[in-house]
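Following: one structure in structure tokens, then a few remarks.
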Amino acid sequence: MTVVIWIGAVMLTAAAVLAVIRMAIGPTMLNRIIAFDVLIAIVVGALGLEAALNLHSTTVPILVALSLLGFVGSVSVARFAAHEEKDERA
Amino acid sequence: MNWTTLADVAAAICLLAGTFLSLAAGIGLVRFPDLLSRMHAATKPQVLGLLLILLGLALRVRDAGSAGTFITVAAFQLLTAPVGAHMVGRAAYRTGHVRQDLLLTDDLTPALAAEQDD
């Protein structure tokens with residue numbers, strides 16, 4: 001089980017690095033916000049992986065809070081901040 | 001081979017599949033050419049990967065009380081991912097981030113134009 005968790009952790013780390021790459025490159029804010037949502041979901045998965053290794057469920061309420069955080073963040077940016085000026089596009 | 005070992009093996013398979021799907025979502029996020037395609041990658045394999053990880057976790061921690069919390073997290077993800085994707089797609093269309101050359105059909109532009117003509 002430890003080997004399985006380590007392989008899963010390496011894959012999640014690679015996925016997180018790719019999401020951060022998209023957050024750095026992504027020419028507009030909407031690209032960055034969906035990368036942020038993916039990163040939050042990867043963190044939730046990583047917490048689940050750690051809880052599966054150590055056989056506890058004490059960190060599970062954090063998963064609920066993080067899911068809501070990712071959702072509220074992406075909806076807020078999509079609703080209010082999606083229309084950016086031409087010179088803000090970095 | 002008793003039930004606990006079987007549940008551990010099933011949990012290991014679920015965890016590996018879930019993390020692999022998250023990796024696929026990350027790769028799709030970097031490689032896809034357009035915002036809407038990246039939205040596909042950010043929602044579909046990502047949410048399924050998270051559900052599989054939660055299933056593996058529930059199979060490892062064989063506890064009925066925390067299973068309710070896992071179901072809550074899964075339900076939040078399933079409810080919020082489509083809403084978030086819809087809002088980002090809508091914002092993308094309205095701010096002109098959709099690459100028209102990558103689309104096969106576009107039903108929204110003529111429909112909106114016809115609605116404005118009325």
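Residues in the structure tokens are numbered from 1 in each chain, the chains being A, B, ... in the order shown, and ligands are numbered from 1 in the order shown.
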Using only C-alpha atoms, which residues of chain A come within 8 Å of chain B, and what is the closest atom pair for each, with the distance in Å to one decimal? Give it as a tab-separated table, sorted by chain and residue number.
```
residue	atom	partner	partner_atom	distance
A:Met1	CA	B:Ala12	CA	6.7
A:Val4	CA	B:Ala12	CA	6.4
A:Ile5	CA	B:Leu15	CA	7.7
A:Ile7	CA	B:Leu16	CA	7.6
A:Gly8	CA	B:Thr19	CA	5.4
A:Ala9	CA	B:Thr19	CA	7.7
A:Met11	CA	B:Leu23	CA	5.9
A:Leu12	CA	B:Thr19	CA	5.9
A:Ala14	CA	B:Leu23	CA	6.7
A:Ala15	CA	B:Leu23	CA	4.5
A:Ala16	CA	B:Gly26	CA	7.0
A:Leu18	CA	B:Gly26	CA	5.4
A:Ala19	CA	B:Gly26	CA	5.6
A:Ile21	CA	B:Val30	CA	7.3
A:Arg22	CA	B:Val30	CA	5.7
A:Leu30	CA	B:Val88	CA	6.9
A:Asn31	CA	B:Leu35	CA	6.4
A:Ile34	CA	B:Ala42	CA	6.7
A:Ala35	CA	B:Leu29	CA	7.4
A:Asp37	CA	B:Ala42	CA	7.7
A:Val38	CA	B:Ala42	CA	5.9
A:Ala41	CA	B:Leu50	CA	7.1
A:Ile42	CA	B:Ser22	CA	7.0
A:Val44	CA	B:Leu50	CA	7.7
A:Gly45	CA	B:Leu50	CA	5.8
A:Gly48	CA	B:Leu57	CA	6.3
A:Leu49	CA	B:Ile53	CA	7.1
A:Ala51	CA	B:Leu57	CA	7.1
A:Ala52	CA	B:Leu57	CA	5.0
A:Leu55	CA	B:Val61	CA	5.7
A:His56	CA	B:Val61	CA	6.7
A:Ser57	CA	B:Ser66	CA	6.5
A:Val60	CA	B:Thr69	CA	6.9
A:Pro61	CA	B:Thr69	CA	7.4
A:Leu63	CA	B:Val73	CA	6.6
A:Val64	CA	B:Val73	CA	5.2
A:Ser67	CA	B:Gln77	CA	6.5
A:Leu68	CA	B:Phe76	CA	7.4
A:Phe71	CA	B:Thr80	CA	6.1
A:Ser74	CA	B:Gly84	CA	6.3
A:Val75	CA	B:Gly84	CA	5.6
A:Ala78	CA	B:Val88	CA	5.1
A:Arg79	CA	B:Ala91	CA	7.0
A:Ala82	CA	B:Ala91	CA	6.2
A:His83	CA	B:Thr95	CA	5.9
```
Those in chain A with alpha helix (DSSP H) from DSSP, as a VMD selection string = chain A and resid 2 to 25 29 to 54 60 to 80
Exercise: B:Thr109 partners within 12 Å, only C-alpha atoms, chain neighbours under 2 positions left out, as a list in words = Tyr93, Arg94, Gly96, Val98, Gln100, Leu103, Thr105, Asp106, Asp107, Ala111, Leu112, Ala113, Ala114, Glu115 and Gln116 of chain B
With N, CA and C atoms retained, export the selected residues as a compact mmCIF listing (two decimals), in the first residue's frame.
```
# COMPACT_ATOMS: atom_id res chain seq x y z
N TYR B 93 -17.22 32.90 -23.71
CA TYR B 93 -17.91 33.27 -24.94
C TYR B 93 -18.17 34.77 -24.97
N ARG B 94 -18.59 35.33 -23.84
CA ARG B 94 -18.97 36.73 -23.84
C ARG B 94 -17.79 37.66 -23.95
N GLY B 96 -15.10 36.82 -25.75
CA GLY B 96 -14.44 36.58 -27.02
C GLY B 96 -13.23 35.69 -26.96
N VAL B 98 -13.30 32.42 -27.40
CA VAL B 98 -13.53 31.16 -28.10
C VAL B 98 -12.89 31.25 -29.47
N GLN B 100 -12.86 30.44 -33.02
CA GLN B 100 -13.88 29.95 -33.93
C GLN B 100 -13.33 28.93 -34.91
N LEU B 103 -13.93 25.23 -33.82
CA LEU B 103 -15.27 24.74 -33.58
C LEU B 103 -15.80 24.04 -34.81
N THR B 105 -19.36 23.22 -35.07
CA THR B 105 -20.59 24.00 -35.30
C THR B 105 -20.69 24.99 -34.16
N ASP B 106 -21.30 26.12 -34.47
CA ASP B 106 -21.54 27.14 -33.45
C ASP B 106 -22.99 27.52 -33.53
N ASP B 107 -23.77 27.01 -32.57
CA ASP B 107 -25.21 27.31 -32.60
C ASP B 107 -25.54 28.57 -31.86
N ALA B 111 -27.98 32.06 -32.94
CA ALA B 111 -29.17 32.14 -32.09
C ALA B 111 -29.24 33.47 -31.37
N LEU B 112 -28.10 33.94 -30.88
CA LEU B 112 -28.09 35.24 -30.21
C LEU B 112 -28.35 36.37 -31.20
N ALA B 113 -27.82 36.22 -32.40
CA ALA B 113 -28.04 37.26 -33.41
C ALA B 113 -29.50 37.31 -33.81
N ALA B 114 -30.11 36.13 -33.95
CA ALA B 114 -31.53 36.10 -34.30
C ALA B 114 -32.38 36.67 -33.19
N GLU B 115 -31.96 36.43 -31.94
CA GLU B 115 -32.72 36.96 -30.82
C GLU B 115 -32.63 38.47 -30.76
N GLN B 116 -31.45 39.00 -31.13
CA GLN B 116 -31.30 40.45 -31.07
C GLN B 116 -32.03 41.14 -32.20
```
Å distance separating atom CA of A:Met29 from atom CA of B:Leu108, one decimal place =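 Separating atom CA of A:Met29 from atom CA of B:Leu108 is a distance of 22.7 Å.
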